[in-house]
$ cat input22.pdb   # PDB, N, CA and C atoms, pLDDT in the B column
MODEL        1
ATOM      1  N   MET A  46       0.849  -1.177   0.000  1.00 46.00           N
ATOM      2  CA  MET A  46       0.000   0.000   0.000  1.00 46.00           C
ATOM      3  C   MET A  46       0.891   1.234   0.000  1.00 46.00           C
ATOM      4  N   SER A  47       0.669   2.164  -0.908  1.00 50.00           N
ATOM      5  CA  SER A  47       1.443   3.386  -0.992  1.00 50.00           C
ATOM      6  C   SER A  47       1.218   4.247   0.242  1.00 50.00           C
ATOM      7  N   GLY A  48       2.316   4.789   0.796  1.00 50.00           N
ATOM      8  CA  GLY A  48       2.196   5.652   1.956  1.00 50.00           C
ATOM      9  C   GLY A  48       2.151   4.920   3.284  1.00 50.00           C
ATOM     10  N   HIS A  49       2.282   3.598   3.256  1.00 49.00           N
ATOM     11  CA  HIS A  49       2.205   2.813   4.490  1.00 49.00           C
ATOM     12  C   HIS A  49       3.455   1.952   4.568  1.00 49.00           C
ATOM     13  N   THR A  50       4.246   2.122   5.629  1.00 52.00           N
ATOM     14  CA  THR A  50       5.497   1.392   5.766  1.00 52.00           C
ATOM     15  C   THR A  50       5.607   0.804   7.156  1.00 52.00           C
ATOM     16  N   GLY A  51       5.649  -0.509   7.258  1.00 59.00           N
ATOM     17  CA  GLY A  51       5.891  -1.162   8.535  1.00 59.00           C
ATOM     18  C   GLY A  51       4.942  -0.772   9.648  1.00 59.00           C
ATOM     19  N   GLY A  52       3.650  -0.677   9.380  1.00 60.00           N
ATOM     20  CA  GLY A  52       2.695  -0.366  10.421  1.00 60.00           C
ATOM     21  C   GLY A  52       2.622   1.113  10.769  1.00 60.00           C
ATOM     22  N   ARG A  53       3.253   1.952   9.978  1.00 66.00           N
ATOM     23  CA  ARG A  53       3.281   3.384  10.254  1.00 66.00           C
ATOM     24  C   ARG A  53       2.958   4.155   8.977  1.00 66.00           C
ATOM     25  N   PHE A  54       2.052   5.117   9.080  1.00 62.00           N
ATOM     26  CA  PHE A  54       1.731   5.927   7.917  1.00 62.00           C
ATOM     27  C   PHE A  54       2.811   6.972   7.703  1.00 62.00           C
ATOM     28  N   VAL A  55       3.155   7.208   6.451  1.00 63.00           N
ATOM     29  CA  VAL A  55       4.168   8.179   6.083  1.00 63.00           C
ATOM     30  C   VAL A  55       3.530   9.194   5.139  1.00 63.00           C
ATOM     31  N   ARG A  56       3.671  10.486   5.450  1.00 62.00           N
ATOM     32  CA  ARG A  56       3.096  11.530   4.602  1.00 62.00           C
ATOM     33  C   ARG A  56       3.835  11.571   3.273  1.00 62.00           C
ATOM     34  N   LEU A  57       3.089  11.530   2.179  1.00 66.00           N
ATOM     35  CA  LEU A  57       3.664  11.595   0.842  1.00 66.00           C
ATOM     36  C   LEU A  57       3.745  13.040   0.384  1.00 66.00           C
ATOM     37  N   GLY A  58       4.698  13.338  -0.496  1.00 68.00           N
ATOM     38  CA  GLY A  58       4.825  14.688  -1.032  1.00 68.00           C
ATOM     39  C   GLY A  58       3.584  15.073  -1.828  1.00 68.00           C
ATOM     40  N   GLU A  59       3.212  16.321  -1.740  1.00 67.00           N
ATOM     41  CA  GLU A  59       2.057  16.830  -2.471  1.00 67.00           C
ATOM     42  C   GLU A  59       2.486  17.940  -3.404  1.00 67.00           C
ATOM     43  N   SER A  60       1.712  18.129  -4.476  1.00 68.00           N
ATOM     44  CA  SER A  60       2.008  19.228  -5.388  1.00 68.00           C
ATOM     45  C   SER A  60       0.739  19.974  -5.806  1.00 68.00           C
ATOM     46  N   GLY A  61      -0.435  19.562  -5.312  1.00 77.00           N
ATOM     47  CA  GLY A  61      -1.681  20.146  -5.755  1.00 77.00           C
ATOM     48  C   GLY A  61      -2.196  21.309  -4.933  1.00 77.00           C
ATOM     49  N   ARG A  62      -1.467  21.729  -3.892  1.00 79.00           N
ATOM     50  CA  ARG A  62      -1.951  22.832  -3.048  1.00 79.00           C
ATOM     51  C   ARG A  62      -1.100  24.079  -3.236  1.00 79.00           C
ATOM     52  N   GLU A  63      -1.713  25.222  -2.998  1.00 86.00           N
ATOM     53  CA  GLU A  63      -1.025  26.503  -3.090  1.00 86.00           C
ATOM     54  C   GLU A  63       0.044  26.617  -2.002  1.00 86.00           C
ATOM     55  N   THR A  64       1.136  27.307  -2.316  1.00 85.00           N
ATOM     56  CA  THR A  64       2.213  27.534  -1.364  1.00 85.00           C
ATOM     57  C   THR A  64       1.995  28.855  -0.639  1.00 85.00           C
ATOM     58  N   VAL A  65       2.239  28.859   0.662  1.00 86.00           N
ATOM     59  CA  VAL A  65       2.121  30.052   1.489  1.00 86.00           C
ATOM     60  C   VAL A  65       3.508  30.395   2.016  1.00 86.00           C
ATOM     61  N   ARG A  66       3.900  31.660   1.932  1.00 89.00           N
ATOM     62  CA  ARG A  66       5.202  32.102   2.458  1.00 89.00           C
ATOM     63  C   ARG A  66       4.994  32.732   3.826  1.00 89.00           C
ATOM     64  N   LEU A  67       5.850  32.368   4.785  1.00 85.00           N
ATOM     65  CA  LEU A  67       5.789  32.939   6.118  1.00 85.00           C
ATOM     66  C   LEU A  67       7.177  32.977   6.724  1.00 85.00           C
ATOM     67  N   THR A  68       7.294  33.564   7.895  1.00 87.00           N
ATOM     68  CA  THR A  68       8.584  33.683   8.576  1.00 87.00           C
ATOM     69  C   THR A  68       8.497  32.997   9.927  1.00 87.00           C
ATOM     70  N   ILE A  69       9.471  32.133  10.205  1.00 82.00           N
ATOM     71  CA  ILE A  69       9.536  31.435  11.489  1.00 82.00           C
ATOM     72  C   ILE A  69      10.893  31.722  12.110  1.00 82.00           C
ATOM     73  N   ASP A  70      10.886  32.307  13.298  1.00 84.00           N
ATOM     74  CA  ASP A  70      12.120  32.690  13.997  1.00 84.00           C
ATOM     75  C   ASP A  70      13.049  33.493  13.090  1.00 84.00           C
ATOM     76  N   GLY A  71      12.465  34.390  12.276  1.00 91.00           N
ATOM     77  CA  GLY A  71      13.249  35.254  11.397  1.00 91.00           C
ATOM     78  C   GLY A  71      13.663  34.636  10.081  1.00 91.00           C
ATOM     79  N   ALA A  72      13.384  33.361   9.866  1.00 92.00           N
ATOM     80  CA  ALA A  72      13.775  32.692   8.629  1.00 92.00           C
ATOM     81  C   ALA A  72      12.568  32.524   7.702  1.00 92.00           C
ATOM     82  N   PRO A  73      12.703  32.914   6.416  1.00 93.00           N
ATOM     83  CA  PRO A  73      11.598  32.722   5.485  1.00 93.00           C
ATOM     84  C   PRO A  73      11.411  31.240   5.160  1.00 93.00           C
ATOM     85  N   VAL A  74      10.176  30.777   5.174  1.00 89.00           N
ATOM     86  CA  VAL A  74       9.854  29.382   4.843  1.00 89.00           C
ATOM     87  C   VAL A  74       8.610  29.344   3.963  1.00 89.00           C
ATOM     88  N   GLU A  75       8.378  28.215   3.329  1.00 87.00           N
ATOM     89  CA  GLU A  75       7.168  27.992   2.556  1.00 87.00           C
ATOM     90  C   GLU A  75       6.435  26.800   3.133  1.00 87.00           C
ATOM     91  N   ALA A  76       5.115  26.850   3.087  1.00 81.00           N
ATOM     92  CA  ALA A  76       4.281  25.757   3.581  1.00 81.00           C
ATOM     93  C   ALA A  76       3.126  25.558   2.609  1.00 81.00           C
ATOM     94  N   LEU A  77       2.486  24.422   2.694  1.00 78.00           N
ATOM     95  CA  LEU A  77       1.312  24.173   1.861  1.00 78.00           C
ATOM     96  C   LEU A  77       0.083  24.785   2.511  1.00 78.00           C
ATOM     97  N   ALA A  78      -0.732  25.427   1.725  1.00 78.00           N
ATOM     98  CA  ALA A  78      -1.974  26.026   2.231  1.00 78.00           C
ATOM     99  C   ALA A  78      -2.941  24.923   2.645  1.00 78.00           C
ATOM    100  N   GLY A  79      -3.744  25.203   3.669  1.00 73.00           N
ATOM    101  CA  GLY A  79      -4.790  24.281   4.062  1.00 73.00           C
ATOM    102  C   GLY A  79      -4.452  23.407   5.226  1.00 73.00           C
ATOM    103  N   PHE A  80      -3.932  22.229   4.958  1.00 64.00           N
ATOM    104  CA  PHE A  80      -3.699  21.178   5.937  1.00 64.00           C
ATOM    105  C   PHE A  80      -5.030  20.736   6.509  1.00 64.00           C
ATOM    106  N   CYS A  81      -5.081  20.182   7.676  1.00 69.00           N
ATOM    107  CA  CYS A  81      -6.341  19.603   8.151  1.00 69.00           C
ATOM    108  C   CYS A  81      -7.309  20.632   8.735  1.00 69.00           C
ATOM    109  N   LEU A  82      -6.768  21.674   9.373  1.00 65.00           N
ATOM    110  CA  LEU A  82      -7.564  22.728  10.016  1.00 65.00           C
ATOM    111  C   LEU A  82      -8.534  22.206  11.069  1.00 65.00           C
ATOM    112  N   MET A  83      -8.292  21.003  11.572  1.00 71.00           N
ATOM    113  CA  MET A  83      -9.173  20.406  12.577  1.00 71.00           C
ATOM    114  C   MET A  83      -8.480  20.200  13.913  1.00 71.00           C
ATOM    115  N   GLY A  84      -7.158  20.315  13.957  1.00 71.00           N
ATOM    116  CA  GLY A  84      -6.424  20.063  15.189  1.00 71.00           C
ATOM    117  C   GLY A  84      -6.427  18.595  15.573  1.00 71.00           C
ATOM    118  N   ALA A  85      -6.578  17.711  14.601  1.00 76.00           N
ATOM    119  CA  ALA A  85      -6.702  16.285  14.893  1.00 76.00           C
ATOM    120  C   ALA A  85      -5.434  15.483  14.617  1.00 76.00           C
ATOM    121  N   CYS A  86      -4.585  15.959  13.729  1.00 76.00           N
ATOM    122  CA  CYS A  86      -3.463  15.127  13.284  1.00 76.00           C
ATOM    123  C   CYS A  86      -2.225  15.231  14.170  1.00 76.00           C
ATOM    124  N   GLN A  87      -2.091  16.269  14.956  1.00 77.00           N
ATOM    125  CA  GLN A  87      -0.940  16.476  15.849  1.00 77.00           C
ATOM    126  C   GLN A  87       0.360  16.782  15.109  1.00 77.00           C
ATOM    127  N   ASP A  88       0.292  17.200  13.832  1.00 77.00           N
ATOM    128  CA  ASP A  88       1.500  17.482  13.049  1.00 77.00           C
ATOM    129  C   ASP A  88       1.956  18.933  13.100  1.00 77.00           C
ATOM    130  N   CYS A  89       1.154  19.836  13.607  1.00 79.00           N
ATOM    131  CA  CYS A  89       1.480  21.255  13.446  1.00 79.00           C
ATOM    132  C   CYS A  89       1.697  21.984  14.773  1.00 79.00           C
ATOM    133  N   TRP A  90       2.270  21.345  15.767  1.00 85.00           N
ATOM    134  CA  TRP A  90       2.540  22.026  17.036  1.00 85.00           C
ATOM    135  C   TRP A  90       3.610  23.091  16.851  1.00 85.00           C
ATOM    136  N   VAL A  91       3.381  24.257  17.434  1.00 85.00           N
ATOM    137  CA  VAL A  91       4.372  25.329  17.483  1.00 85.00           C
ATOM    138  C   VAL A  91       4.406  25.872  18.907  1.00 85.00           C
ATOM    139  N   TRP A  92       5.474  26.592  19.236  1.00 87.00           N
ATOM    140  CA  TRP A  92       5.615  27.149  20.572  1.00 87.00           C
ATOM    141  C   TRP A  92       5.622  28.663  20.498  1.00 87.00           C
ATOM    142  N   THR A  93       4.930  29.294  21.411  1.00 88.00           N
ATOM    143  CA  THR A  93       4.917  30.758  21.492  1.00 88.00           C
ATOM    144  C   THR A  93       6.199  31.222  22.172  1.00 88.00           C
ATOM    145  N   ALA A  94       6.438  32.543  22.130  1.00 88.00           N
ATOM    146  CA  ALA A  94       7.637  33.108  22.752  1.00 88.00           C
ATOM    147  C   ALA A  94       7.695  32.819  24.247  1.00 88.00           C
ATOM    148  N   ASP A  95       6.521  32.678  24.904  1.00 93.00           N
ATOM    149  CA  ASP A  95       6.523  32.398  26.350  1.00 93.00           C
ATOM    150  C   ASP A  95       6.493  30.903  26.672  1.00 93.00           C
ATOM    151  N   GLY A  96       6.660  30.047  25.652  1.00 91.00           N
ATOM    152  CA  GLY A  96       6.776  28.614  25.869  1.00 91.00           C
ATOM    153  C   GLY A  96       5.488  27.818  25.789  1.00 91.00           C
ATOM    154  N   GLU A  97       4.361  28.476  25.516  1.00 92.00           N
ATOM    155  CA  GLU A  97       3.095  27.750  25.393  1.00 92.00           C
ATOM    156  C   GLU A  97       3.071  26.976  24.074  1.00 92.00           C
ATOM    157  N   ARG A  98       2.648  25.709  24.109  1.00 91.00           N
ATOM    158  CA  ARG A  98       2.541  24.872  22.912  1.00 91.00           C
ATOM    159  C   ARG A  98       1.108  24.959  22.372  1.00 91.00           C
ATOM    160  N   ILE A  99       0.994  25.320  21.084  1.00 89.00           N
ATOM    161  CA  ILE A  99      -0.322  25.459  20.458  1.00 89.00           C
ATOM    162  C   ILE A  99      -0.331  24.792  19.087  1.00 89.00           C
ATOM    163  N   ARG A 100      -1.517  24.513  18.579  1.00 84.00           N
ATOM    164  CA  ARG A 100      -1.648  23.955  17.234  1.00 84.00           C
ATOM    165  C   ARG A 100      -1.678  25.103  16.227  1.00 84.00           C
ATOM    166  N   ALA A 101      -0.764  25.085  15.280  1.00 80.00           N
ATOM    167  CA  ALA A 101      -0.698  26.146  14.281  1.00 80.00           C
ATOM    168  C   ALA A 101      -1.903  26.122  13.347  1.00 80.00           C
ATOM    169  N   CYS A 102      -2.463  24.958  13.089  1.00 77.00           N
ATOM    170  CA  CYS A 102      -3.548  24.855  12.106  1.00 77.00           C
ATOM    171  C   CYS A 102      -4.844  25.492  12.583  1.00 77.00           C
ATOM    172  N   SER A 103      -5.025  25.629  13.879  1.00 78.00           N
ATOM    173  CA  SER A 103      -6.271  26.174  14.387  1.00 78.00           C
ATOM    174  C   SER A 103      -6.071  27.434  15.225  1.00 78.00           C
ATOM    175  N   THR A 104      -4.920  28.080  15.065  1.00 78.00           N
ATOM    176  CA  THR A 104      -4.592  29.289  15.810  1.00 78.00           C
ATOM    177  C   THR A 104      -4.277  30.407  14.835  1.00 78.00           C
ATOM    178  N   VAL A 105      -4.904  31.535  15.022  1.00 73.00           N
ATOM    179  CA  VAL A 105      -4.620  32.690  14.138  1.00 73.00           C
ATOM    180  C   VAL A 105      -3.228  33.210  14.401  1.00 73.00           C
TER     181      VAL A 105
ENDMDL
END
$ encode --input "input22.pdb" --output "C-alpha coordinates"
Amino acid sequence: MSGHTGGRFVRLGESGRETVRLTIDGAPVEALAGFCLMGACQDCWVWTADGERIRACSTV
(Lines of atoms letter the chains of each structure in order from A and count residues from 1; the text may use other names and numbers.)
(Lines give C-alpha, C1' and ligand atoms only; values in the text may rest on other atoms or scores of the structure.)
Protein backbone atom coordinates (compact mmCIF):
# COMPACT_ATOMS: atom_id res chain seq x y z
CA MET A 1 0.00 0.00 0.00
CA SER A 2 1.44 3.39 -0.99
CA GLY A 3 2.20 5.65 1.96
CA HIS A 4 2.20 2.81 4.49
CA THR A 5 5.50 1.39 5.77
CA GLY A 6 5.89 -1.16 8.53
CA GLY A 7 2.69 -0.37 10.42
CA ARG A 8 3.28 3.38 10.25
CA PHE A 9 1.73 5.93 7.92
CA VAL A 10 4.17 8.18 6.08
CA ARG A 11 3.10 11.53 4.60
CA LEU A 12 3.66 11.60 0.84
CA GLY A 13 4.82 14.69 -1.03
CA GLU A 14 2.06 16.83 -2.47
CA SER A 15 2.01 19.23 -5.39
CA GLY A 16 -1.68 20.15 -5.75
CA ARG A 17 -1.95 22.83 -3.05
CA GLU A 18 -1.03 26.50 -3.09
CA THR A 19 2.21 27.53 -1.36
CA VAL A 20 2.12 30.05 1.49
CA ARG A 21 5.20 32.10 2.46
CA LEU A 22 5.79 32.94 6.12
CA THR A 23 8.58 33.68 8.58
CA ILE A 24 9.54 31.44 11.49
CA ASP A 25 12.12 32.69 14.00
CA GLY A 26 13.25 35.25 11.40
CA ALA A 27 13.77 32.69 8.63
CA PRO A 28 11.60 32.72 5.48
CA VAL A 29 9.85 29.38 4.84
CA GLU A 30 7.17 27.99 2.56
CA ALA A 31 4.28 25.76 3.58
CA LEU A 32 1.31 24.17 1.86
CA ALA A 33 -1.97 26.03 2.23
CA GLY A 34 -4.79 24.28 4.06
CA PHE A 35 -3.70 21.18 5.94
CA CYS A 36 -6.34 19.60 8.15
CA LEU A 37 -7.56 22.73 10.02
CA MET A 38 -9.17 20.41 12.58
CA GLY A 39 -6.42 20.06 15.19
CA ALA A 40 -6.70 16.28 14.89
CA CYS A 41 -3.46 15.13 13.28
CA GLN A 42 -0.94 16.48 15.85
CA ASP A 43 1.50 17.48 13.05
CA CYS A 44 1.48 21.26 13.45
CA TRP A 45 2.54 22.03 17.04
CA VAL A 46 4.37 25.33 17.48
CA TRP A 47 5.61 27.15 20.57
CA THR A 48 4.92 30.76 21.49
CA ALA A 49 7.64 33.11 22.75
CA ASP A 50 6.52 32.40 26.35
CA GLY A 51 6.78 28.61 25.87
CA GLU A 52 3.10 27.75 25.39
CA ARG A 53 2.54 24.87 22.91
CA ILE A 54 -0.32 25.46 20.46
CA ARG A 55 -1.65 23.95 17.23
CA ALA A 56 -0.70 26.15 14.28
CA CYS A 57 -3.55 24.85 12.11
CA SER A 58 -6.27 26.17 14.39
CA THR A 59 -4.59 29.29 15.81
CA VAL A 60 -4.62 32.69 14.14
$ axis_aligned_box --input "input22.pdb" --around "range 86-104 of chain A" --padding-each-side "5 Å" --output "AutoDock Vina command-line options"
--center_x 0.7 --center_y 24.1 --center_z 19.4 --size_x 24.0 --size_y 28.0 --size_z 24.6
$ atom_distance --input "input22.pdb" --atom1 "CA of Glu63 in chain A" --atom2 "CA of Trp90 in chain A"
20.9 Å
$ closest_residue --input "input22.pdb" --among "A:Ile69, A:Gly79, A:Val74, A:Gly61" --to "Ala94 in chain A" --atoms "only C-alpha atoms"
A:Ile69
$ resolve_selection --input "input22.pdb" --expression "the PyMOL selection byres ((chain A and resi 62) around 8)" --output "MDAnalysis selection string"
chainID A and resid 59:61 63:65 76:79
$ atom_distance --input "input22.pdb" --atom1 "atom N of Cys89 in chain A" --atom2 "atom N of Ser103 in chain A"
8.5 Å
$ atom_distance --input "input22.pdb" --atom1 "atom N of Trp92 in chain A" --atom2 "atom N of Thr104 in chain A"
11.3 Å
$ closest_residue --input "input22.pdb" --among "A:Ala72, A:Arg66, A:Gly96, A:Cys102" --to "Gly84 in chain A" --atoms "only C-alpha atoms"
A:Cys102
